[in-house]
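> Quick one: the structure is below, questions incoming.
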Amino acid sequence: MENILYLGGPNIASEIYNHEYANARICGSEKWRKALGKFLRQPHFIVWDNGDLITHEVMGGLKNVYAIGAGMIASLTNESATSKSVYFAHCTSEMIFITHLLSENPEKLAGPLLADTYVTLLKGRNAWYGQKLAKGELSLDMGDIVKGKGTIQGVSAVKAYLSQRSQ
């Protein structure tokens, strides 16, 4: 575990590429994360560090699953702010429950971890995928790699969970 790190948002890759202001968090052993965080930091890209690798890794996968649902909700409700906020509340409640199952002292779902979930539900390839599914423009049998978008991590996360569950 001391050589494993997690680098996550809150950010959208295309916005980082365009030098828009963004944040990231690097999690894991202090041995590597402090130096790597300092190395990655730029005037427009702030990197926070945190030792709670498990919570951030699990939430990094779950947020992508939730983002597909958020895209579907947005599409099916004509971007209803109330519907999206109710869905967000349910997602965060479930995330808190899951982190308490997995870690003795999970990080609170606040700050960069909450912001990463929020930005992923608002914008990103997983939310885009959910919108396209809801509109019938894509189907699940098309797989988790979409030309021009890359891997839809929410689909991959569900597949990984199901494969572990069946073992």
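Lettering and numbering for the structure tokens are positional, with chains as A, B, ... in the shown order, residues counted from 1 in each chain, and ligands counted from 1 in the shown order.
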Got a sec: who's within 9 Å of Tyr129 of chain A, counting only C-alpha atoms, leaving out chain neighbours fewer than 3 positions off, as a VMD selection string?
chain A and resid 67 to 68 71 to 72 124 to 126 132 to 134 138 146 152
> Quick one: everything within 8 Å of segment 56-58 of chain A, counting only C-alpha atoms, minus sequence neighbours fewer than 5 positions away in the same chain. Send it as a ChimeraX atom specification.
/A:6,8,27,99,113
> Near Ser75 of chain A, within 10 Å and counting only C-alpha atoms, which residues show up once chain neighbours fewer than 2 positions away are dropped, as a short mmCIF file (atom, residue, chain, number, x, y, z; two decimals) with all heavy atoms, in the first residue's frame?

data_model
loop_
_atom_site.label_atom_id
_atom_site.label_comp_id
_atom_site.auth_asym_id
_atom_site.auth_seq_id
_atom_site.Cartn_x
_atom_site.Cartn_y
_atom_site.Cartn_z
N GLY A 69 -26.08 7.85 -13.99
CA GLY A 69 -27.45 8.10 -13.51
C GLY A 69 -27.80 9.58 -13.55
O GLY A 69 -28.92 9.95 -13.91
N ALA A 70 -26.85 10.44 -13.20
CA ALA A 70 -27.11 11.89 -13.22
C ALA A 70 -27.40 12.37 -14.64
O ALA A 70 -28.29 13.20 -14.86
CB ALA A 70 -25.92 12.65 -12.65
N GLY A 71 -26.66 11.82 -15.61
CA GLY A 71 -26.93 12.18 -17.00
C GLY A 71 -28.31 11.73 -17.43
O GLY A 71 -29.03 12.45 -18.13
N MET A 72 -28.71 10.55 -16.98
CA MET A 72 -30.05 10.05 -17.31
C MET A 72 -31.12 10.91 -16.66
O MET A 72 -32.11 11.28 -17.32
CB MET A 72 -30.18 8.59 -16.87
CG MET A 72 -29.25 7.66 -17.63
SD MET A 72 -29.29 5.96 -17.06
CE MET A 72 -30.77 5.41 -17.91
N ILE A 73 -30.92 11.26 -15.40
CA ILE A 73 -31.88 12.12 -14.69
C ILE A 73 -32.01 13.47 -15.41
O ILE A 73 -33.11 13.97 -15.64
CB ILE A 73 -31.44 12.36 -13.22
CG1 ILE A 73 -31.44 11.06 -12.43
CG2 ILE A 73 -32.28 13.45 -12.54
CD1 ILE A 73 -32.78 10.53 -12.03
N THR A 77 -35.59 14.44 -17.15
CA THR A 77 -36.38 15.46 -16.44
C THR A 77 -36.23 16.85 -17.06
O THR A 77 -36.61 17.84 -16.44
CB THR A 77 -35.98 15.54 -14.96
OG1 THR A 77 -34.63 16.00 -14.87
CG2 THR A 77 -36.13 14.19 -14.27
N ASN A 78 -35.65 16.90 -18.25
CA ASN A 78 -35.43 18.18 -18.92
C ASN A 78 -34.62 19.13 -18.04
O ASN A 78 -34.97 20.29 -17.87
CB ASN A 78 -36.76 18.81 -19.35
CG ASN A 78 -36.58 19.88 -20.40
OD1 ASN A 78 -35.62 19.86 -21.17
ND2 ASN A 78 -37.49 20.83 -20.43
N GLU A 79 -33.54 18.57 -17.44
CA GLU A 79 -32.59 19.34 -16.62
C GLU A 79 -33.23 19.91 -15.34
O GLU A 79 -32.84 20.97 -14.86
CB GLU A 79 -31.93 20.47 -17.42
CG GLU A 79 -31.12 20.00 -18.61
CD GLU A 79 -29.81 19.33 -18.22
OE1 GLU A 79 -29.30 19.56 -17.11
OE2 GLU A 79 -29.31 18.56 -19.06
N SER A 80 -34.19 19.20 -14.76
CA SER A 80 -34.83 19.66 -13.53
C SER A 80 -33.82 19.80 -12.40
O SER A 80 -33.18 18.83 -12.00
CB SER A 80 -35.92 18.67 -13.12
OG SER A 80 -36.31 18.86 -11.77
N ALA A 127 -21.49 11.33 -17.37
CA ALA A 127 -22.78 12.03 -17.42
C ALA A 127 -23.28 12.13 -18.86
O ALA A 127 -24.47 11.94 -19.14
CB ALA A 127 -22.65 13.41 -16.79
N TRP A 128 -22.37 12.43 -19.78
CA TRP A 128 -22.72 12.49 -21.20
C TRP A 128 -23.29 11.14 -21.65
O TRP A 128 -24.30 11.08 -22.35
CB TRP A 128 -21.47 12.84 -22.02
CG TRP A 128 -21.63 12.71 -23.49
CD1 TRP A 128 -22.10 13.66 -24.36
CD2 TRP A 128 -21.34 11.55 -24.29
NE1 TRP A 128 -22.12 13.16 -25.64
CE2 TRP A 128 -21.65 11.87 -25.62
CE3 TRP A 128 -20.84 10.28 -24.01
CZ2 TRP A 128 -21.49 10.96 -26.67
CZ3 TRP A 128 -20.69 9.37 -25.05
CH2 TRP A 128 -21.00 9.72 -26.35
N GLY A 130 -24.76 8.84 -19.82
CA GLY A 130 -26.09 8.67 -19.24
C GLY A 130 -27.15 9.44 -20.02
O GLY A 130 -28.26 8.93 -20.24
N GLN A 131 -26.82 10.66 -20.45
CA GLN A 131 -27.77 11.44 -21.25
C GLN A 131 -28.07 10.73 -22.57
O GLN A 131 -29.22 10.64 -22.99
CB GLN A 131 -27.21 12.83 -21.52
CG GLN A 131 -27.20 13.72 -20.30
CD GLN A 131 -26.58 15.07 -20.58
OE1 GLN A 131 -25.75 15.24 -21.47
NE2 GLN A 131 -26.99 16.06 -19.79
N LYS A 132 -27.04 10.21 -23.21
CA LYS A 132 -27.21 9.53 -24.49
C LYS A 132 -28.00 8.23 -24.32
O LYS A 132 -28.82 7.88 -25.17
CB LYS A 132 -25.86 9.23 -25.15
CG LYS A 132 -25.07 10.47 -25.52
CD LYS A 132 -25.78 11.28 -26.57
CE LYS A 132 -24.96 12.48 -27.00
NZ LYS A 132 -25.66 13.31 -27.97
N LEU A 133 -27.78 7.50 -23.23
CA LEU A 133 -28.56 6.29 -22.95
C LEU A 133 -30.03 6.64 -22.80
O LEU A 133 -30.90 5.98 -23.37
CB LEU A 133 -28.08 5.62 -21.66
CG LEU A 133 -26.85 4.74 -21.72
CD1 LEU A 133 -26.51 4.24 -20.31
CD2 LEU A 133 -27.03 3.57 -22.66
N ALA A 134 -30.31 7.68 -22.01
CA ALA A 134 -31.70 8.07 -21.75
C ALA A 134 -32.41 8.51 -23.03
O ALA A 134 -33.61 8.28 -23.18
CB ALA A 134 -31.75 9.18 -20.71
N LYS A 135 -31.68 9.11 -23.93
CA LYS A 135 -32.28 9.57 -25.20
C LYS A 135 -32.36 8.45 -26.23
O LYS A 135 -32.90 8.65 -27.32
CB LYS A 135 -31.45 10.73 -25.77
CG LYS A 135 -31.53 11.99 -24.94
CD LYS A 135 -30.62 13.06 -25.53
CE LYS A 135 -30.63 14.31 -24.66
NZ LYS A 135 -29.69 15.31 -25.16
#
> Chain A: which residues are strand (DSSP E) by DSSP, as a list in words?
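Across chain A, those assigned strand (DSSP E) are Leu5, Tyr6, Leu7, Gly8, Ala22, Asn23, Ala24, Arg25, Ile26, Cys27, Gly28, Phe45, Ile46, Val47, Trp48, Asp49, Asn50, Ile145, Val146, Gly150 and Thr151 of chain A.
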> Output N, CA, C and O atoms of each residue in that selection to a file, as a PDB file, in the first residue's frame.

ATOM      1  N   LEU A   5      -0.724   5.161  -5.149  1.00  0.00           N
ATOM      2  CA  LEU A   5      -1.278   6.503  -5.025  1.00  0.00           C
ATOM      3  C   LEU A   5      -2.548   6.611  -5.858  1.00  0.00           C
ATOM      4  O   LEU A   5      -2.726   5.885  -6.833  1.00  0.00           O
ATOM      5  N   TYR A   6      -3.414   7.507  -5.467  1.00  0.00           N
ATOM      6  CA  TYR A   6      -4.630   7.804  -6.222  1.00  0.00           C
ATOM      7  C   TYR A   6      -4.605   9.292  -6.553  1.00  0.00           C
ATOM      8  O   TYR A   6      -4.410  10.126  -5.677  1.00  0.00           O
ATOM      9  N   LEU A   7      -4.792   9.625  -7.815  1.00  0.00           N
ATOM     10  CA  LEU A   7      -4.887  11.022  -8.240  1.00  0.00           C
ATOM     11  C   LEU A   7      -6.281  11.234  -8.783  1.00  0.00           C
ATOM     12  O   LEU A   7      -6.700  10.553  -9.727  1.00  0.00           O
ATOM     13  N   GLY A   8      -7.032  12.129  -8.177  1.00  0.00           N
ATOM     14  CA  GLY A   8      -8.410  12.377  -8.601  1.00  0.00           C
ATOM     15  C   GLY A   8      -8.731  13.847  -8.603  1.00  0.00           C
ATOM     16  O   GLY A   8      -7.910  14.686  -8.216  1.00  0.00           O
ATOM     17  N   ALA A  22      -8.191  24.514 -11.766  1.00  0.00           N
ATOM     18  CA  ALA A  22      -8.673  23.199 -11.335  1.00  0.00           C
ATOM     19  C   ALA A  22      -7.920  22.762 -10.087  1.00  0.00           C
ATOM     20  O   ALA A  22      -6.865  23.299  -9.751  1.00  0.00           O
ATOM     21  N   ASN A  23      -8.489  21.783  -9.433  1.00  0.00           N
ATOM     22  CA  ASN A  23      -7.881  21.164  -8.257  1.00  0.00           C
ATOM     23  C   ASN A  23      -7.800  19.661  -8.478  1.00  0.00           C
ATOM     24  O   ASN A  23      -8.543  19.110  -9.274  1.00  0.00           O
ATOM     25  N   ALA A  24      -6.927  19.035  -7.743  1.00  0.00           N
ATOM     26  CA  ALA A  24      -6.842  17.576  -7.730  1.00  0.00           C
ATOM     27  C   ALA A  24      -6.436  17.164  -6.328  1.00  0.00           C
ATOM     28  O   ALA A  24      -5.994  17.988  -5.528  1.00  0.00           O
ATOM     29  N   ARG A  25      -6.593  15.900  -6.054  1.00  0.00           N
ATOM     30  CA  ARG A  25      -6.124  15.378  -4.776  1.00  0.00           C
ATOM     31  C   ARG A  25      -5.301  14.136  -5.057  1.00  0.00           C
ATOM     32  O   ARG A  25      -5.616  13.355  -5.947  1.00  0.00           O
ATOM     33  N   ILE A  26      -4.232  14.025  -4.318  1.00  0.00           N
ATOM     34  CA  ILE A  26      -3.381  12.847  -4.430  1.00  0.00           C
ATOM     35  C   ILE A  26      -3.414  12.166  -3.059  1.00  0.00           C
ATOM     36  O   ILE A  26      -3.230  12.808  -2.028  1.00  0.00           O
ATOM     37  N   CYS A  27      -3.703  10.872  -3.076  1.00  0.00           N
ATOM     38  CA  CYS A  27      -3.916  10.144  -1.835  1.00  0.00           C
ATOM     39  C   CYS A  27      -3.004   8.932  -1.770  1.00  0.00           C
ATOM     40  O   CYS A  27      -2.695   8.319  -2.778  1.00  0.00           O
ATOM     41  N   GLY A  28      -2.606   8.597  -0.565  1.00  0.00           N
ATOM     42  CA  GLY A  28      -1.766   7.433  -0.331  1.00  0.00           C
ATOM     43  C   GLY A  28      -0.687   7.744   0.678  1.00  0.00           C
ATOM     44  O   GLY A  28      -0.785   8.691   1.468  1.00  0.00           O
ATOM     45  N   PHE A  45      -3.411  24.795 -11.354  1.00  0.00           N
ATOM     46  CA  PHE A  45      -3.715  23.413 -10.980  1.00  0.00           C
ATOM     47  C   PHE A  45      -3.201  23.145  -9.574  1.00  0.00           C
ATOM     48  O   PHE A  45      -2.019  22.879  -9.366  1.00  0.00           O
ATOM     49  N   ILE A  46      -4.093  23.211  -8.597  1.00  0.00           N
ATOM     50  CA  ILE A  46      -3.734  23.031  -7.196  1.00  0.00           C
ATOM     51  C   ILE A  46      -3.918  21.563  -6.818  1.00  0.00           C
ATOM     52  O   ILE A  46      -4.927  20.943  -7.152  1.00  0.00           O
ATOM     53  N   VAL A  47      -2.937  20.993  -6.130  1.00  0.00           N
ATOM     54  CA  VAL A  47      -3.002  19.581  -5.742  1.00  0.00           C
ATOM     55  C   VAL A  47      -2.999  19.492  -4.217  1.00  0.00           C
ATOM     56  O   VAL A  47      -2.077  19.962  -3.559  1.00  0.00           O
ATOM     57  N   TRP A  48      -4.059  18.897  -3.668  1.00  0.00           N
ATOM     58  CA  TRP A  48      -4.161  18.633  -2.240  1.00  0.00           C
ATOM     59  C   TRP A  48      -3.689  17.211  -1.981  1.00  0.00           C
ATOM     60  O   TRP A  48      -3.801  16.360  -2.845  1.00  0.00           O
ATOM     61  N   ASP A  49      -3.185  16.958  -0.785  1.00  0.00           N
ATOM     62  CA  ASP A  49      -2.787  15.583  -0.484  1.00  0.00           C
ATOM     63  C   ASP A  49      -3.562  15.061   0.711  1.00  0.00           C
ATOM     64  O   ASP A  49      -4.008  15.823   1.562  1.00  0.00           O
ATOM     65  N   ASN A  50      -3.744  13.725   0.723  1.00  0.00           N
ATOM     66  CA  ASN A  50      -4.538  13.084   1.746  1.00  0.00           C
ATOM     67  C   ASN A  50      -4.058  11.645   1.901  1.00  0.00           C
ATOM     68  O   ASN A  50      -3.734  10.995   0.905  1.00  0.00           O
ATOM     69  N   ILE A 145     -16.386   1.623 -24.303  1.00  0.00           N
ATOM     70  CA  ILE A 145     -15.447   2.507 -24.995  1.00  0.00           C
ATOM     71  C   ILE A 145     -16.203   3.198 -26.119  1.00  0.00           C
ATOM     72  O   ILE A 145     -16.770   2.542 -26.989  1.00  0.00           O
ATOM     73  N   VAL A 146     -16.244   4.524 -26.064  1.00  0.00           N
ATOM     74  CA  VAL A 146     -16.989   5.307 -27.030  1.00  0.00           C
ATOM     75  C   VAL A 146     -16.015   6.171 -27.816  1.00  0.00           C
ATOM     76  O   VAL A 146     -15.225   6.930 -27.219  1.00  0.00           O
ATOM     77  N   GLY A 150     -13.609   7.958 -25.151  1.00  0.00           N
ATOM     78  CA  GLY A 150     -12.744   7.061 -24.395  1.00  0.00           C
ATOM     79  C   GLY A 150     -13.559   6.085 -23.575  1.00  0.00           C
ATOM     80  O   GLY A 150     -14.708   5.787 -23.868  1.00  0.00           O
ATOM     81  N   THR A 151     -12.947   5.593 -22.506  1.00  0.00           N
ATOM     82  CA  THR A 151     -13.595   4.604 -21.645  1.00  0.00           C
ATOM     83  C   THR A 151     -14.605   5.279 -20.729  1.00  0.00           C
ATOM     84  O   THR A 151     -14.299   6.277 -20.081  1.00  0.00           O
TER      85      THR A 151
END
> Atom CA of Ala115 of chain A and atom CA of Leu36 of chain A are how many Å apart?
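Interatomic distance, atom CA of Ala115 of chain A to atom CA of Leu36 of chain A: 21.3 Å.
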> As JSON, numbers by chain, list the residues of chain A assigned to alpha helix (DSSP H) by DSSP on the backbone atoms of this structure.
{"A": [13, 14, 15, 16, 17, 30, 31, 32, 33, 34, 35, 36, 37, 38, 39, 40, 53, 54, 55, 56, 57, 58, 59, 60, 61, 62, 63, 64, 65, 66, 67, 68, 69, 70, 71, 72, 73, 74, 75, 76, 81, 82, 83, 84, 85, 86, 87, 88, 89, 90, 91, 92, 93, 94, 95, 96, 97, 98, 99, 100, 101, 102, 111, 112, 113, 114, 115, 116, 117, 118, 119, 120, 121, 122, 125, 126, 127, 128, 129, 130, 131, 132, 133, 134, 135, 153, 154, 155, 156, 157, 158, 159, 160, 161, 162, 163, 164, 165]}
> A:Leu140, A:Ile98, A:Leu76, A:Met59: which is nearest Leu114 of chain A, counting only C-alpha atoms?
A:Met59
> Which residues, written as an MDAnalysis selection string, have at least one atom at most 12 Å from Tyr118 of chain A, with only C-alpha atoms counted and residues fewer than 4 positions away on the same chain left out?
chainID A and resid 9:12 59:60 63:64 66:67 70 84:85 87:89 91:92 109:114 122:124 127
> Emit the selected residues as a PDB file, in the first residue's frame, including N, CA and C atoms.

ATOM      1  N   GLY A   9      -9.938  14.154  -9.027  1.00  0.00           N
ATOM      2  CA  GLY A   9     -10.403  15.536  -9.174  1.00  0.00           C
ATOM      3  C   GLY A   9     -10.659  16.203  -7.839  1.00  0.00           C
ATOM      4  N   PRO A  10     -11.293  17.319  -7.875  1.00  0.00           N
ATOM      5  CA  PRO A  10     -12.325  17.760  -8.802  1.00  0.00           C
ATOM      6  C   PRO A  10     -11.762  18.478 -10.027  1.00  0.00           C
ATOM      7  N   ASN A  11     -11.965  17.878 -11.157  1.00  0.00           N
ATOM      8  CA  ASN A  11     -11.542  18.514 -12.402  1.00  0.00           C
ATOM      9  C   ASN A  11     -12.090  17.750 -13.592  1.00  0.00           C
ATOM     10  N   ILE A  12     -12.032  18.403 -14.720  1.00  0.00           N
ATOM     11  CA  ILE A  12     -12.378  17.799 -16.006  1.00  0.00           C
ATOM     12  C   ILE A  12     -11.121  17.918 -16.861  1.00  0.00           C
ATOM     13  N   MET A  59     -14.558   5.995  -3.867  1.00  0.00           N
ATOM     14  CA  MET A  59     -15.426   7.092  -4.303  1.00  0.00           C
ATOM     15  C   MET A  59     -15.104   7.516  -5.734  1.00  0.00           C
ATOM     16  N   GLY A  60     -13.852   7.381  -6.130  1.00  0.00           N
ATOM     17  CA  GLY A  60     -13.466   7.694  -7.503  1.00  0.00           C
ATOM     18  C   GLY A  60     -14.156   6.791  -8.504  1.00  0.00           C
ATOM     19  N   LYS A  63     -18.369   7.525  -8.151  1.00  0.00           N
ATOM     20  CA  LYS A  63     -18.864   8.785  -8.725  1.00  0.00           C
ATOM     21  C   LYS A  63     -19.131   8.640 -10.216  1.00  0.00           C
ATOM     22  N   ASN A  64     -18.358   7.779 -10.887  1.00  0.00           N
ATOM     23  CA  ASN A  64     -18.569   7.569 -12.320  1.00  0.00           C
ATOM     24  C   ASN A  64     -19.852   6.789 -12.587  1.00  0.00           C
ATOM     25  N   TYR A  66     -22.475   6.898 -10.539  1.00  0.00           N
ATOM     26  CA  TYR A  66     -23.515   7.875 -10.236  1.00  0.00           C
ATOM     27  C   TYR A  66     -23.667   8.900 -11.353  1.00  0.00           C
ATOM     28  N   ALA A  67     -22.585   9.241 -12.015  1.00  0.00           N
ATOM     29  CA  ALA A  67     -22.642  10.237 -13.093  1.00  0.00           C
ATOM     30  C   ALA A  67     -23.483   9.750 -14.263  1.00  0.00           C
ATOM     31  N   ALA A  70     -26.850  10.441 -13.202  1.00  0.00           N
ATOM     32  CA  ALA A  70     -27.110  11.888 -13.223  1.00  0.00           C
ATOM     33  C   ALA A  70     -27.402  12.367 -14.643  1.00  0.00           C
ATOM     34  N   LYS A  84     -32.301  16.699 -10.053  1.00  0.00           N
ATOM     35  CA  LYS A  84     -30.852  16.481  -9.984  1.00  0.00           C
ATOM     36  C   LYS A  84     -30.343  16.624  -8.553  1.00  0.00           C
ATOM     37  N   SER A  85     -30.894  17.566  -7.788  1.00  0.00           N
ATOM     38  CA  SER A  85     -30.421  17.748  -6.411  1.00  0.00           C
ATOM     39  C   SER A  85     -30.854  16.589  -5.521  1.00  0.00           C
ATOM     40  N   TYR A  87     -31.289  13.501  -6.551  1.00  0.00           N
ATOM     41  CA  TYR A  87     -30.397  12.405  -6.940  1.00  0.00           C
ATOM     42  C   TYR A  87     -29.021  12.581  -6.291  1.00  0.00           C
ATOM     43  N   PHE A  88     -28.496  13.802  -6.314  1.00  0.00           N
ATOM     44  CA  PHE A  88     -27.197  14.089  -5.696  1.00  0.00           C
ATOM     45  C   PHE A  88     -27.234  13.762  -4.205  1.00  0.00           C
ATOM     46  N   ALA A  89     -28.323  14.119  -3.525  1.00  0.00           N
ATOM     47  CA  ALA A  89     -28.451  13.824  -2.097  1.00  0.00           C
ATOM     48  C   ALA A  89     -28.424  12.320  -1.844  1.00  0.00           C
ATOM     49  N   CYS A  91     -27.060  10.013  -3.791  1.00  0.00           N
ATOM     50  CA  CYS A  91     -25.702   9.529  -4.097  1.00  0.00           C
ATOM     51  C   CYS A  91     -24.757   9.775  -2.929  1.00  0.00           C
ATOM     52  N   THR A  92     -24.779  10.989  -2.400  1.00  0.00           N
ATOM     53  CA  THR A  92     -23.841  11.308  -1.321  1.00  0.00           C
ATOM     54  C   THR A  92     -24.168  10.522  -0.049  1.00  0.00           C
ATOM     55  N   LEU A 109     -17.071  13.240   3.592  1.00  0.00           N
ATOM     56  CA  LEU A 109     -17.446  13.542   2.217  1.00  0.00           C
ATOM     57  C   LEU A 109     -17.629  15.057   2.127  1.00  0.00           C
ATOM     58  N   ALA A 110     -16.511  15.737   1.989  1.00  0.00           N
ATOM     59  CA  ALA A 110     -16.500  17.198   1.953  1.00  0.00           C
ATOM     60  C   ALA A 110     -15.304  17.637   1.123  1.00  0.00           C
ATOM     61  N   GLY A 111     -15.179  18.911   0.916  1.00  0.00           N
ATOM     62  CA  GLY A 111     -14.023  19.459   0.218  1.00  0.00           C
ATOM     63  C   GLY A 111     -13.817  18.838  -1.144  1.00  0.00           C
ATOM     64  N   PRO A 112     -12.577  18.492  -1.471  1.00  0.00           N
ATOM     65  CA  PRO A 112     -12.291  18.007  -2.820  1.00  0.00           C
ATOM     66  C   PRO A 112     -13.000  16.706  -3.179  1.00  0.00           C
ATOM     67  N   LEU A 113     -13.239  15.836  -2.210  1.00  0.00           N
ATOM     68  CA  LEU A 113     -13.926  14.574  -2.499  1.00  0.00           C
ATOM     69  C   LEU A 113     -15.373  14.842  -2.928  1.00  0.00           C
ATOM     70  N   LEU A 114     -16.059  15.715  -2.229  1.00  0.00           N
ATOM     71  CA  LEU A 114     -17.431  16.078  -2.593  1.00  0.00           C
ATOM     72  C   LEU A 114     -17.447  16.860  -3.906  1.00  0.00           C
ATOM     73  N   LEU A 122     -22.023  16.722 -12.992  1.00  0.00           N
ATOM     74  CA  LEU A 122     -22.402  17.852 -13.844  1.00  0.00           C
ATOM     75  C   LEU A 122     -21.920  17.706 -15.278  1.00  0.00           C
ATOM     76  N   LYS A 123     -20.659  17.289 -15.426  1.00  0.00           N
ATOM     77  CA  LYS A 123     -20.035  17.328 -16.737  1.00  0.00           C
ATOM     78  C   LYS A 123     -18.976  16.238 -16.808  1.00  0.00           C
ATOM     79  N   GLY A 124     -18.841  15.635 -17.911  1.00  0.00           N
ATOM     80  CA  GLY A 124     -17.858  14.580 -18.077  1.00  0.00           C
ATOM     81  C   GLY A 124     -18.439  13.471 -18.925  1.00  0.00           C
ATOM     82  N   ALA A 127     -21.490  11.328 -17.374  1.00  0.00           N
ATOM     83  CA  ALA A 127     -22.781  12.032 -17.417  1.00  0.00           C
ATOM     84  C   ALA A 127     -23.278  12.133 -18.861  1.00  0.00           C
TER      85      ALA A 127
END
> Which residues are close to His44 of chain A, i.e. within 8 Å by only C-alpha atoms, leaving aside same-chain residues fewer than 6 positions away? Reply as a list of chain:residue names.
A:His19, A:Glu20, A:Tyr21, A:Ala22
> Take the residues just selected and output them with all heavy atoms as a PDB file, in the first residue's frame.

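Result file follows (again-v8.pdb):
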ATOM      1  N   HIS A  19      -5.939  24.992 -19.451  1.00  0.00           N
ATOM      2  CA  HIS A  19      -5.381  25.821 -18.376  1.00  0.00           C
ATOM      3  C   HIS A  19      -6.443  26.569 -17.571  1.00  0.00           C
ATOM      4  O   HIS A  19      -6.203  27.659 -17.059  1.00  0.00           O
ATOM      5  CB  HIS A  19      -4.323  26.799 -18.913  1.00  0.00           C
ATOM      6  CG  HIS A  19      -3.083  26.102 -19.348  1.00  0.00           C
ATOM      7  ND1 HIS A  19      -2.927  25.590 -20.613  1.00  0.00           N
ATOM      8  CD2 HIS A  19      -1.960  25.785 -18.674  1.00  0.00           C
ATOM      9  CE1 HIS A  19      -1.747  25.009 -20.714  1.00  0.00           C
ATOM     10  NE2 HIS A  19      -1.138  25.108 -19.544  1.00  0.00           N
ATOM     11  N   GLU A  20      -7.637  25.963 -17.468  1.00  0.00           N
ATOM     12  CA  GLU A  20      -8.656  26.521 -16.591  1.00  0.00           C
ATOM     13  C   GLU A  20      -8.279  26.146 -15.159  1.00  0.00           C
ATOM     14  O   GLU A  20      -7.627  25.137 -14.921  1.00  0.00           O
ATOM     15  CB  GLU A  20     -10.034  25.969 -16.949  1.00  0.00           C
ATOM     16  CG  GLU A  20     -10.500  26.406 -18.328  1.00  0.00           C
ATOM     17  CD  GLU A  20     -11.851  25.835 -18.696  1.00  0.00           C
ATOM     18  OE1 GLU A  20     -12.706  25.684 -17.800  1.00  0.00           O
ATOM     19  OE2 GLU A  20     -12.045  25.534 -19.891  1.00  0.00           O
ATOM     20  N   TYR A  21      -8.693  26.958 -14.207  1.00  0.00           N
ATOM     21  CA  TYR A  21      -8.370  26.696 -12.807  1.00  0.00           C
ATOM     22  C   TYR A  21      -8.987  25.363 -12.384  1.00  0.00           C
ATOM     23  O   TYR A  21     -10.158  25.104 -12.631  1.00  0.00           O
ATOM     24  CB  TYR A  21      -8.890  27.820 -11.917  1.00  0.00           C
ATOM     25  CG  TYR A  21      -8.563  27.606 -10.464  1.00  0.00           C
ATOM     26  CD1 TYR A  21      -7.276  27.827  -9.989  1.00  0.00           C
ATOM     27  CD2 TYR A  21      -9.512  27.134  -9.579  1.00  0.00           C
ATOM     28  CE1 TYR A  21      -6.957  27.603  -8.668  1.00  0.00           C
ATOM     29  CE2 TYR A  21      -9.213  26.906  -8.249  1.00  0.00           C
ATOM     30  CZ  TYR A  21      -7.928  27.141  -7.807  1.00  0.00           C
ATOM     31  OH  TYR A  21      -7.616  26.914  -6.495  1.00  0.00           O
ATOM     32  N   ALA A  22      -8.191  24.514 -11.766  1.00  0.00           N
ATOM     33  CA  ALA A  22      -8.673  23.199 -11.335  1.00  0.00           C
ATOM     34  C   ALA A  22      -7.920  22.762 -10.087  1.00  0.00           C
ATOM     35  O   ALA A  22      -6.865  23.299  -9.751  1.00  0.00           O
ATOM     36  CB  ALA A  22      -8.477  22.178 -12.448  1.00  0.00           C
TER      37      ALA A  22
END
